[in-house]
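Here's the structure, in structure tokens; my notes come after.
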Amino acid sequence: MSLFNLIKIEFKKNKAMSYFGSYIVMTIILVFLTWTSIFGVNQDHETSGFAIIKMMSGLIADFYIIFSALVIMKVLNDEYVQRTILLMFTYGIPRKKIIFAKFSLIVMIAVVGQLLTQICCFAFLIGVDRHSGLINGGLTQENTIQWICCVAINTLAIIGYLFIPVTVCIKKKTTSSIVVSAMIGLLIYQMIISQIDNFIVMTIYYLAFAMVTAAFYFVVGGRYIENLEL
């Protein structure tokens, strides 16, 4: 069976379309937080549009890093608890392919949600700027390019981060370990984004981070899955 067909099966089995309700709730919360944050940091009208965009985009990524940990619990960890994944391992399908199909679904759910929320919050930011002029100098075409760069970098960061809790889930199979790994991933993300403003440097850091975590997933998680006795 192809990886694409496995992903389609996982998509239907986990009712991935139902996550749109979660997207809507988180988007409403994040639009509100964007609104309050703008007033909080820009009461003197001196904060640049880039600083506000970076803050908003980073806040959204924070939410989806935590949200993705919850998705991992449902898509992967619950199957270990219910032992249904062990039944799947008895089929004539490589174990690594089964796990990677689940990983791909988790990435899809997290990335699609993040992109939709980013678009909604940026549209809200444009509306706020046009009607209140709260942002110093107003939003410019350069700010739009900066927002696109932030979204692309945050997407890369989320994908890189996801390798950590998925690998931890494969080995530990506990909700507490997934939560702890999510907090560690969030800390690493914040350490990088809070200290660096250069998009090229951030991209290099997150790309290196993604490569390291991917190696961790394929070497540690893959080896454990292959050697797991049913």
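Within each chain, counting starts at residue 1; across the structure tokens, chains are named A, B, ... in the order shown, with ligands numbered 1 upward in that order.
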Q: Tell me which protein, DNA and RNA residues are within 9 Å of Ala69 of chain A, counting only C-alpha atoms, leaving out same-chain ones fewer than 5 positions away, and put them as an MDAnalysis selection string.
A: chainID A and resid 64 74 162 165:166 175 178:179 181:182
Residues just named, written with all heavy atoms as a PDB file, in the first residue's frame:
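New file again21.pdb:
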ATOM      1  N   TYR A  64      -0.076  26.505  18.248  1.00  0.00           N
ATOM      2  CA  TYR A  64      -0.150  25.297  17.434  1.00  0.00           C
ATOM      3  C   TYR A  64       0.912  24.263  17.808  1.00  0.00           C
ATOM      4  O   TYR A  64       0.732  23.070  17.530  1.00  0.00           O
ATOM      5  CB  TYR A  64      -0.108  25.650  15.946  1.00  0.00           C
ATOM      6  CG  TYR A  64      -1.482  26.031  15.454  1.00  0.00           C
ATOM      7  CD1 TYR A  64      -1.892  27.356  15.420  1.00  0.00           C
ATOM      8  CD2 TYR A  64      -2.404  25.053  15.094  1.00  0.00           C
ATOM      9  CE1 TYR A  64      -3.174  27.702  15.012  1.00  0.00           C
ATOM     10  CE2 TYR A  64      -3.686  25.388  14.688  1.00  0.00           C
ATOM     11  CZ  TYR A  64      -4.069  26.716  14.656  1.00  0.00           C
ATOM     12  OH  TYR A  64      -5.341  27.047  14.274  1.00  0.00           O
ATOM     13  N   LYS A  74      -4.004  12.024  20.441  1.00  0.00           N
ATOM     14  CA  LYS A  74      -5.196  11.394  19.869  1.00  0.00           C
ATOM     15  C   LYS A  74      -4.855  10.464  18.716  1.00  0.00           C
ATOM     16  O   LYS A  74      -5.351   9.337  18.638  1.00  0.00           O
ATOM     17  CB  LYS A  74      -6.171  12.474  19.385  1.00  0.00           C
ATOM     18  CG  LYS A  74      -7.484  11.915  18.843  1.00  0.00           C
ATOM     19  CD  LYS A  74      -8.429  13.026  18.444  1.00  0.00           C
ATOM     20  CE  LYS A  74      -9.788  12.468  18.013  1.00  0.00           C
ATOM     21  NZ  LYS A  74      -9.703  11.548  16.884  1.00  0.00           N
ATOM     22  N   LEU A 162       7.813  18.809  15.526  1.00  0.00           N
ATOM     23  CA  LEU A 162       6.930  17.652  15.642  1.00  0.00           C
ATOM     24  C   LEU A 162       7.681  16.323  15.696  1.00  0.00           C
ATOM     25  O   LEU A 162       7.167  15.343  16.248  1.00  0.00           O
ATOM     26  CB  LEU A 162       5.928  17.635  14.480  1.00  0.00           C
ATOM     27  CG  LEU A 162       4.719  18.551  14.651  1.00  0.00           C
ATOM     28  CD1 LEU A 162       3.934  18.658  13.355  1.00  0.00           C
ATOM     29  CD2 LEU A 162       3.826  18.058  15.771  1.00  0.00           C
ATOM     30  N   PRO A 165       8.145  15.233  19.843  1.00  0.00           N
ATOM     31  CA  PRO A 165       7.107  14.537  20.624  1.00  0.00           C
ATOM     32  C   PRO A 165       6.630  13.243  19.982  1.00  0.00           C
ATOM     33  O   PRO A 165       6.224  12.320  20.692  1.00  0.00           O
ATOM     34  CB  PRO A 165       5.974  15.574  20.706  1.00  0.00           C
ATOM     35  CG  PRO A 165       6.195  16.483  19.561  1.00  0.00           C
ATOM     36  CD  PRO A 165       7.669  16.552  19.382  1.00  0.00           C
ATOM     37  N   VAL A 166       6.685  13.149  18.636  1.00  0.00           N
ATOM     38  CA  VAL A 166       6.284  11.893  17.991  1.00  0.00           C
ATOM     39  C   VAL A 166       7.260  10.784  18.357  1.00  0.00           C
ATOM     40  O   VAL A 166       6.858   9.658  18.681  1.00  0.00           O
ATOM     41  CB  VAL A 166       6.197  12.069  16.454  1.00  0.00           C
ATOM     42  CG1 VAL A 166       6.105  10.715  15.766  1.00  0.00           C
ATOM     43  CG2 VAL A 166       4.982  12.912  16.092  1.00  0.00           C
ATOM     44  N   THR A 175       1.181  10.401  28.120  1.00  0.00           N
ATOM     45  CA  THR A 175       0.785  11.786  27.846  1.00  0.00           C
ATOM     46  C   THR A 175       1.736  12.781  28.504  1.00  0.00           C
ATOM     47  O   THR A 175       2.009  13.840  27.937  1.00  0.00           O
ATOM     48  CB  THR A 175      -0.649  12.036  28.349  1.00  0.00           C
ATOM     49  OG1 THR A 175      -0.736  11.709  29.743  1.00  0.00           O
ATOM     50  CG2 THR A 175      -1.649  11.186  27.590  1.00  0.00           C
ATOM     51  N   ILE A 178       4.754  13.435  26.361  1.00  0.00           N
ATOM     52  CA  ILE A 178       4.412  14.247  25.187  1.00  0.00           C
ATOM     53  C   ILE A 178       4.303  15.714  25.586  1.00  0.00           C
ATOM     54  O   ILE A 178       4.805  16.612  24.884  1.00  0.00           O
ATOM     55  CB  ILE A 178       3.102  13.757  24.549  1.00  0.00           C
ATOM     56  CG1 ILE A 178       3.271  12.328  24.032  1.00  0.00           C
ATOM     57  CG2 ILE A 178       2.680  14.680  23.409  1.00  0.00           C
ATOM     58  CD1 ILE A 178       1.980  11.683  23.572  1.00  0.00           C
ATOM     59  N   VAL A 179       3.662  15.982  26.714  1.00  0.00           N
ATOM     60  CA  VAL A 179       3.520  17.358  27.199  1.00  0.00           C
ATOM     61  C   VAL A 179       4.884  17.976  27.500  1.00  0.00           C
ATOM     62  O   VAL A 179       5.166  19.118  27.122  1.00  0.00           O
ATOM     63  CB  VAL A 179       2.623  17.397  28.455  1.00  0.00           C
ATOM     64  CG1 VAL A 179       2.647  18.796  29.078  1.00  0.00           C
ATOM     65  CG2 VAL A 179       1.197  17.001  28.106  1.00  0.00           C
ATOM     66  N   SER A 181       7.812  17.119  26.257  1.00  0.00           N
ATOM     67  CA  SER A 181       8.528  17.351  25.003  1.00  0.00           C
ATOM     68  C   SER A 181       7.974  18.560  24.264  1.00  0.00           C
ATOM     69  O   SER A 181       8.714  19.292  23.597  1.00  0.00           O
ATOM     70  CB  SER A 181       8.466  16.111  24.111  1.00  0.00           C
ATOM     71  OG  SER A 181       7.140  15.822  23.719  1.00  0.00           O
ATOM     72  N   ALA A 182       6.648  18.796  24.384  1.00  0.00           N
ATOM     73  CA  ALA A 182       6.039  19.978  23.773  1.00  0.00           C
ATOM     74  C   ALA A 182       6.577  21.253  24.414  1.00  0.00           C
ATOM     75  O   ALA A 182       6.867  22.241  23.729  1.00  0.00           O
ATOM     76  CB  ALA A 182       4.519  19.925  23.903  1.00  0.00           C
TER      77      ALA A 182
END
Q. Please, which residues of segment 76-212 of chain A, numbered as in this document, come out alpha helix (DSSP H) from DSSP, as JSON, numbers by chain?
A. {"A": [78, 79, 80, 81, 82, 84, 85, 86, 87, 88, 95, 96, 97, 98, 99, 100, 101, 102, 103, 104, 105, 106, 107, 108, 109, 110, 111, 112, 113, 114, 115, 116, 117, 118, 119, 120, 121, 122, 123, 124, 125, 126, 127, 128, 129, 130, 131, 132, 141, 142, 143, 144, 145, 146, 147, 148, 149, 150, 151, 152, 153, 154, 155, 156, 157, 158, 159, 160, 161, 162, 163, 164, 165, 166, 167, 168, 169, 170, 171, 172, 175, 176, 177, 178, 179, 180, 181, 182, 183, 184, 185, 186, 187, 188, 189, 190, 191, 192, 193, 194, 195, 199, 200, 201, 202, 203, 204, 205, 206, 207, 208, 209, 210, 211, 212]}
Q | Exercise: segment 82-84 of chain A partners within 12 Å, only C-alpha atoms, chain neighbours under 6 positions left out, as an MDAnalysis selection string | A | chainID A and resid 73:76 90:91 173 230
Could you please take those selected residues and save C-alpha atoms as an mmCIF file, in the first residue's frame?
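Below is the file that was written, result-v2.cif:
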data_model
loop_
_atom_site.group_PDB
_atom_site.id
_atom_site.type_symbol
_atom_site.label_atom_id
_atom_site.label_comp_id
_atom_site.auth_asym_id
_atom_site.auth_seq_id
_atom_site.Cartn_x
_atom_site.Cartn_y
_atom_site.Cartn_z
ATOM 1 C CA MET A 73 -2.059 12.090 21.876
ATOM 2 C CA LYS A 74 -5.196 11.394 19.869
ATOM 3 C CA VAL A 75 -3.714 10.166 16.580
ATOM 4 C CA LEU A 76 -0.787 8.150 17.907
ATOM 5 C CA THR A 90 0.712 -7.435 11.994
ATOM 6 C CA TYR A 91 -0.341 -6.393 8.472
ATOM 7 C CA LYS A 173 3.748 6.165 25.149
ATOM 8 C CA LEU A 230 4.126 -7.595 19.489
#
At a cut-off of 9 Å, can you tabulate as a tab-separated table every residue of segment 144-202 of chain A near segment 117-133 of chain A together with its closest atom pair and the distance in Å to one decimal, using only C-alpha atoms and ordering rows by chain then number?
residue	atom	partner	partner_atom	distance
A:Thr144	CA	A:Phe122	CA	8.9
A:Trp147	CA	A:Phe122	CA	8.0
A:Val151	CA	A:Gln118	CA	7.2
Q.
Just checking: using only C-alpha atoms, which residue out of A:Ile153, A:Ala51, A:Ala101, A:Val71 ends up closest to Gly113 of chain A?
A. A:Val71
Q.
Using only C-alpha atoms for the distances, tell me which of A:Thr213, A:Thr34, A:Thr174, A:Gln146 is nearest to Ile188 of chain A.
A. A:Thr213
Q | Gap from atom CA of Leu33 of chain A to atom CA of Phe199 of chain A - Å, one decimal | A | 24.3 Å
Can you pull out every residue within 12 Å of Phe11 of chain A, counting only C-alpha atoms, but drop anything in the same chain fewer than 3 positions away, and send it as a tab-separated table (two decimals) with all heavy atoms, in the first residue's frame?
chain	number	residue	atom	x	y	z
A	4	PHE	N	0.56	7.49	0.33
A	4	PHE	CA	-0.58	8.38	0.11
A	4	PHE	C	-1.89	7.71	0.54
A	4	PHE	O	-2.73	8.34	1.19
A	4	PHE	CB	-0.64	8.77	-1.37
A	4	PHE	CG	-1.79	9.67	-1.71
A	4	PHE	CD1	-1.80	11.00	-1.31
A	4	PHE	CD2	-2.88	9.17	-2.42
A	4	PHE	CE1	-2.89	11.82	-1.62
A	4	PHE	CE2	-3.96	9.99	-2.73
A	4	PHE	CZ	-3.96	11.32	-2.33
A	5	ASN	N	-2.06	6.45	0.19
A	5	ASN	CA	-3.29	5.73	0.57
A	5	ASN	C	-3.37	5.53	2.09
A	5	ASN	O	-4.45	5.61	2.68
A	5	ASN	CB	-3.35	4.38	-0.13
A	5	ASN	CG	-3.69	4.51	-1.60
A	5	ASN	OD1	-4.35	5.47	-2.01
A	5	ASN	ND2	-3.24	3.57	-2.41
A	6	LEU	N	-2.23	5.29	2.71
A	6	LEU	CA	-2.19	5.17	4.18
A	6	LEU	C	-2.61	6.48	4.84
A	6	LEU	O	-3.36	6.47	5.83
A	6	LEU	CB	-0.79	4.78	4.65
A	6	LEU	CG	-0.45	3.28	4.63
A	6	LEU	CD1	1.01	3.09	5.01
A	6	LEU	CD2	-1.35	2.50	5.57
A	7	ILE	N	-2.12	7.59	4.29
A	7	ILE	CA	-2.48	8.90	4.86
A	7	ILE	C	-3.99	9.14	4.70
A	7	ILE	O	-4.64	9.65	5.61
A	7	ILE	CB	-1.68	10.02	4.17
A	7	ILE	CG1	-0.19	9.88	4.51
A	7	ILE	CG2	-2.19	11.40	4.62
A	7	ILE	CD1	0.71	10.83	3.73
A	8	LYS	N	-4.54	8.76	3.55
A	8	LYS	CA	-5.99	8.92	3.34
A	8	LYS	C	-6.79	8.09	4.35
A	8	LYS	O	-7.81	8.56	4.87
A	8	LYS	CB	-6.37	8.51	1.91
A	8	LYS	CG	-5.98	9.50	0.85
A	8	LYS	CD	-6.79	9.32	-0.44
A	8	LYS	CE	-6.67	7.94	-1.00
A	8	LYS	NZ	-7.40	7.80	-2.30
A	14	ASN	N	-9.28	9.17	11.64
A	14	ASN	CA	-9.16	10.15	12.73
A	14	ASN	C	-10.08	11.35	12.55
A	14	ASN	O	-9.99	12.31	13.32
A	14	ASN	CB	-7.72	10.63	12.83
A	14	ASN	CG	-6.79	9.56	13.38
A	14	ASN	OD1	-6.73	9.33	14.58
A	14	ASN	ND2	-6.06	8.89	12.49
A	15	LYS	N	-10.94	11.30	11.52
A	15	LYS	CA	-11.92	12.37	11.28
A	15	LYS	C	-11.24	13.73	11.30
A	15	LYS	O	-11.60	14.63	12.07
A	15	LYS	CB	-13.04	12.32	12.32
A	15	LYS	CG	-13.81	11.00	12.32
A	15	LYS	CD	-14.88	10.96	13.40
A	15	LYS	CE	-15.61	9.63	13.39
A	15	LYS	NZ	-16.63	9.53	14.47
A	16	ALA	N	-10.24	13.87	10.44
A	16	ALA	CA	-9.40	15.08	10.43
A	16	ALA	C	-10.21	16.35	10.16
A	16	ALA	O	-9.85	17.43	10.64
A	16	ALA	CB	-8.29	14.94	9.40
A	17	MET	N	-11.30	16.24	9.41
A	17	MET	CA	-12.11	17.43	9.11
A	17	MET	C	-12.72	18.02	10.37
A	17	MET	O	-13.04	19.21	10.41
A	17	MET	CB	-13.22	17.06	8.12
A	17	MET	CG	-12.71	16.69	6.73
A	17	MET	SD	-11.84	18.04	5.91
A	17	MET	CE	-13.20	19.19	5.66
A	18	SER	N	-12.87	17.20	11.41
A	18	SER	CA	-13.47	17.70	12.66
A	18	SER	C	-12.57	18.71	13.36
A	18	SER	O	-13.03	19.45	14.24
A	18	SER	CB	-13.76	16.53	13.60
A	18	SER	OG	-12.56	15.90	14.01
A	19	TYR	N	-11.30	18.78	12.98
A	19	TYR	CA	-10.38	19.73	13.61
A	19	TYR	C	-10.66	21.17	13.20
A	19	TYR	O	-10.12	22.09	13.80
A	19	TYR	CB	-8.93	19.37	13.28
A	19	TYR	CG	-8.43	18.18	14.07
A	19	TYR	CD1	-8.42	16.90	13.51
A	19	TYR	CD2	-8.00	18.31	15.39
A	19	TYR	CE1	-7.97	15.81	14.23
A	19	TYR	CE2	-7.56	17.21	16.11
A	19	TYR	CZ	-7.55	15.97	15.53
A	19	TYR	OH	-7.12	14.89	16.26
A	75	VAL	N	-3.99	10.92	17.80
A	75	VAL	CA	-3.71	10.17	16.58
A	75	VAL	C	-2.77	8.99	16.83
A	75	VAL	O	-2.93	7.93	16.22
A	75	VAL	CB	-3.12	11.10	15.50
A	75	VAL	CG1	-2.65	10.31	14.28
A	75	VAL	CG2	-4.14	12.15	15.09
A	101	ALA	N	2.89	7.70	8.12
A	101	ALA	CA	1.57	8.14	7.65
A	101	ALA	C	0.85	8.90	8.75
A	101	ALA	O	0.23	9.95	8.51
A	101	ALA	CB	0.74	6.94	7.20
A	102	LYS	N	0.96	8.41	9.98
A	102	LYS	CA	0.37	9.10	11.12
A	102	LYS	C	1.07	10.44	11.36
A	102	LYS	O	0.43	11.46	11.65
A	102	LYS	CB	0.44	8.23	12.38
A	102	LYS	CG	-0.43	6.98	12.31
A	102	LYS	CD	-0.33	6.17	13.58
A	102	LYS	CE	-1.22	4.94	13.51
A	102	LYS	NZ	-2.66	5.28	13.42
A	103	PHE	N	2.40	10.42	11.26
A	103	PHE	CA	3.17	11.66	11.42
A	103	PHE	C	2.76	12.69	10.37
A	103	PHE	O	2.59	13.88	10.67
A	103	PHE	CB	4.66	11.36	11.31
A	103	PHE	CG	5.54	12.59	11.34
A	103	PHE	CD1	5.84	13.20	12.55
A	103	PHE	CD2	6.04	13.14	10.18
A	103	PHE	CE1	6.63	14.33	12.59
A	103	PHE	CE2	6.82	14.27	10.20
A	103	PHE	CZ	7.13	14.87	11.41
A	104	SER	N	2.60	12.24	9.13
A	104	SER	CA	2.20	13.14	8.04
A	104	SER	C	0.83	13.76	8.31
A	104	SER	O	0.62	14.95	8.04
A	104	SER	CB	2.18	12.38	6.71
A	104	SER	OG	3.45	11.87	6.41
A	105	LEU	N	-0.09	12.97	8.85
A	105	LEU	CA	-1.41	13.50	9.18
A	105	LEU	C	-1.31	14.54	10.28
A	105	LEU	O	-1.95	15.61	10.21
A	105	LEU	CB	-2.33	12.37	9.63
A	105	LEU	CG	-3.73	12.79	10.09
A	105	LEU	CD1	-4.51	13.39	8.92
A	105	LEU	CD2	-4.49	11.63	10.70
A	106	ILE	N	-0.50	14.28	11.31
A	106	ILE	CA	-0.30	15.24	12.40
A	106	ILE	C	0.27	16.55	11.87
A	106	ILE	O	-0.19	17.64	12.24
A	106	ILE	CB	0.62	14.64	13.48
A	106	ILE	CG1	-0.07	13.45	14.16
A	106	ILE	CG2	0.99	15.69	14.53
A	106	ILE	CD1	0.87	12.57	14.97
A	107	VAL	N	1.27	16.44	10.99
A	107	VAL	CA	1.87	17.64	10.37
A	107	VAL	C	0.81	18.40	9.58
A	107	VAL	O	0.70	19.63	9.69
A	107	VAL	CB	3.04	17.25	9.45
A	107	VAL	CG1	3.48	18.44	8.60
A	107	VAL	CG2	4.22	16.75	10.27
A	108	MET	N	0.00	17.68	8.82
A	108	MET	CA	-1.04	18.31	8.01
A	108	MET	C	-2.02	19.08	8.88
A	108	MET	O	-2.36	20.24	8.59
A	108	MET	CB	-1.78	17.23	7.21
A	108	MET	CG	-2.76	17.77	6.19
A	108	MET	SD	-3.75	16.42	5.46
A	108	MET	CE	-2.45	15.29	4.93
A	109	ILE	N	-2.48	18.46	9.95
A	109	ILE	CA	-3.45	19.10	10.84
A	109	ILE	C	-2.86	20.36	11.47
A	109	ILE	O	-3.51	21.42	11.51
A	109	ILE	CB	-3.91	18.11	11.93
A	109	ILE	CG1	-4.75	16.99	11.30
A	109	ILE	CG2	-4.72	18.83	13.01
A	109	ILE	CD1	-5.05	15.84	12.25
What are the closest atom pairs, with distances in Å to one decimal, for all residues of segment 132-210 of chain A lying within 10 Å of segment 214-224 of chain A? Consider only C-alpha atoms, order rows by chain and residue number, and present the result as a Markdown table.
| residue | atom | partner | partner_atom | distance |
| --- | --- | --- | --- | --- |
| A:Ile159 | CA | A:Ala214 | CA | 9.3 |
| A:Gly160 | CA | A:Ala214 | CA | 7.0 |
| A:Tyr161 | CA | A:Ala214 | CA | 9.0 |
| A:Leu162 | CA | A:Ala214 | CA | 8.9 |
| A:Phe163 | CA | A:Tyr217 | CA | 5.7 |
| A:Ile164 | CA | A:Tyr217 | CA | 7.0 |
| A:Pro165 | CA | A:Tyr217 | CA | 9.3 |
| A:Val166 | CA | A:Tyr217 | CA | 7.6 |
| A:Thr167 | CA | A:Gly221 | CA | 5.2 |
| A:Val168 | CA | A:Gly221 | CA | 7.9 |
| A:Cys169 | CA | A:Gly221 | CA | 9.0 |
| A:Ile170 | CA | A:Gly221 | CA | 6.3 |
| A:Lys171 | CA | A:Gly221 | CA | 6.9 |
| A:Ala208 | CA | A:Ala214 | CA | 9.8 |
| A:Phe209 | CA | A:Ala214 | CA | 8.5 |
| A:Ala210 | CA | A:Ala214 | CA | 5.9 |
Take the residues that were just selected and, keeping all heavy atoms, output them as a short mmCIF file (atom, residue, chain, number, x, y, z; two decimals), in the first residue's frame.
data_model
loop_
_atom_site.label_atom_id
_atom_site.label_comp_id
_atom_site.auth_asym_id
_atom_site.auth_seq_id
_atom_site.Cartn_x
_atom_site.Cartn_y
_atom_site.Cartn_z
N ILE A 159 7.12 21.94 11.89
CA ILE A 159 7.42 20.62 11.33
C ILE A 159 8.64 20.01 12.01
O ILE A 159 8.66 18.84 12.39
CB ILE A 159 7.64 20.72 9.81
CG1 ILE A 159 6.33 21.12 9.12
CG2 ILE A 159 8.15 19.39 9.25
CD1 ILE A 159 6.49 21.42 7.64
N GLY A 160 9.69 20.84 12.19
CA GLY A 160 10.89 20.35 12.87
C GLY A 160 10.61 19.94 14.29
O GLY A 160 11.10 18.89 14.76
N TYR A 161 9.79 20.73 14.97
CA TYR A 161 9.45 20.42 16.36
C TYR A 161 8.69 19.10 16.48
O TYR A 161 8.90 18.32 17.42
CB TYR A 161 8.61 21.56 16.94
CG TYR A 161 7.56 21.09 17.92
CD1 TYR A 161 7.89 20.78 19.24
CD2 TYR A 161 6.24 20.90 17.51
CE1 TYR A 161 6.94 20.30 20.11
CE2 TYR A 161 5.29 20.43 18.38
CZ TYR A 161 5.64 20.13 19.68
OH TYR A 161 4.70 19.65 20.54
N LEU A 162 7.81 18.81 15.53
CA LEU A 162 6.93 17.65 15.64
C LEU A 162 7.68 16.32 15.70
O LEU A 162 7.17 15.34 16.25
CB LEU A 162 5.93 17.63 14.48
CG LEU A 162 4.72 18.55 14.65
CD1 LEU A 162 3.93 18.66 13.36
CD2 LEU A 162 3.83 18.06 15.77
N PHE A 163 8.88 16.29 15.14
CA PHE A 163 9.66 15.05 15.21
C PHE A 163 9.97 14.65 16.65
O PHE A 163 10.10 13.47 16.96
CB PHE A 163 10.98 15.21 14.44
CG PHE A 163 10.84 15.17 12.95
CD1 PHE A 163 11.07 16.31 12.19
CD2 PHE A 163 10.48 14.00 12.30
CE1 PHE A 163 10.96 16.28 10.80
CE2 PHE A 163 10.35 13.96 10.91
CZ PHE A 163 10.60 15.11 10.16
N ILE A 164 10.09 15.66 17.55
CA ILE A 164 10.47 15.37 18.94
C ILE A 164 9.35 14.64 19.70
O ILE A 164 9.56 13.51 20.17
CB ILE A 164 10.87 16.66 19.69
CG1 ILE A 164 12.08 17.31 19.01
CG2 ILE A 164 11.21 16.35 21.16
CD1 ILE A 164 12.47 18.64 19.62
N PRO A 165 8.15 15.23 19.84
CA PRO A 165 7.11 14.54 20.62
C PRO A 165 6.63 13.24 19.98
O PRO A 165 6.22 12.32 20.69
CB PRO A 165 5.97 15.57 20.71
CG PRO A 165 6.20 16.48 19.56
CD PRO A 165 7.67 16.55 19.38
N VAL A 166 6.69 13.15 18.64
CA VAL A 166 6.28 11.89 17.99
C VAL A 166 7.26 10.78 18.36
O VAL A 166 6.86 9.66 18.68
CB VAL A 166 6.20 12.07 16.45
CG1 VAL A 166 6.10 10.71 15.77
CG2 VAL A 166 4.98 12.91 16.09
N THR A 167 8.56 11.10 18.33
CA THR A 167 9.57 10.10 18.71
C THR A 167 9.43 9.73 20.18
O THR A 167 9.52 8.54 20.54
CB THR A 167 10.98 10.64 18.44
OG1 THR A 167 11.08 11.10 17.10
CG2 THR A 167 12.03 9.56 18.68
N VAL A 168 9.20 10.73 21.02
CA VAL A 168 9.00 10.47 22.45
C VAL A 168 7.77 9.60 22.67
O VAL A 168 7.78 8.67 23.48
CB VAL A 168 8.87 11.80 23.23
CG1 VAL A 168 8.42 11.55 24.67
CG2 VAL A 168 10.20 12.55 23.23
N CYS A 169 6.71 9.88 21.92
CA CYS A 169 5.48 9.08 22.03
C CYS A 169 5.73 7.63 21.63
O CYS A 169 5.24 6.70 22.27
CB CYS A 169 4.38 9.70 21.17
SG CYS A 169 2.83 8.78 21.18
N ILE A 170 6.51 7.43 20.57
CA ILE A 170 6.82 6.07 20.10
C ILE A 170 7.52 5.26 21.19
O ILE A 170 7.24 4.08 21.40
CB ILE A 170 7.70 6.13 18.83
CG1 ILE A 170 6.87 6.65 17.65
CG2 ILE A 170 8.27 4.75 18.50
CD1 ILE A 170 7.70 6.96 16.42
N LYS A 171 8.43 5.91 21.93
CA LYS A 171 9.22 5.20 22.93
C LYS A 171 8.55 5.15 24.30
O LYS A 171 8.55 4.13 24.96
CB LYS A 171 10.61 5.86 23.07
CG LYS A 171 11.54 5.55 21.90
CD LYS A 171 12.94 6.06 22.15
CE LYS A 171 13.61 5.33 23.29
NZ LYS A 171 13.90 3.91 22.98
N ALA A 208 18.36 23.70 10.48
CA ALA A 208 19.28 22.83 11.20
C ALA A 208 18.54 22.07 12.30
O ALA A 208 18.76 20.87 12.51
CB ALA A 208 20.42 23.65 11.80
N PHE A 209 17.64 22.78 13.00
CA PHE A 209 16.83 22.16 14.05
C PHE A 209 15.98 21.03 13.48
O PHE A 209 15.90 19.93 14.04
CB PHE A 209 15.96 23.23 14.70
CG PHE A 209 14.96 22.71 15.69
CD1 PHE A 209 15.37 22.13 16.88
CD2 PHE A 209 13.60 22.83 15.45
CE1 PHE A 209 14.45 21.65 17.80
CE2 PHE A 209 12.67 22.36 16.36
CZ PHE A 209 13.10 21.77 17.54
N ALA A 210 15.35 21.29 12.32
CA ALA A 210 14.49 20.29 11.69
C ALA A 210 15.30 19.07 11.24
O ALA A 210 14.86 17.93 11.38
CB ALA A 210 13.76 20.89 10.49
#
**Q.** Distance in Å - atom CA of Ile99 of chain A versus atom CA of Phe67 of chain A
**A.**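 Separation of atom CA of Ile99 of chain A and atom CA of Phe67 of chain A: 19.4 Å.
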Q.
Let me make sure I understand: among A:Ile65, A:Ile52, A:Leu30, A:Trp35, which one has the smallest atom-to-atom distance to Ile184 of chain A if we use only C-alpha atoms?
A. A:Ile65
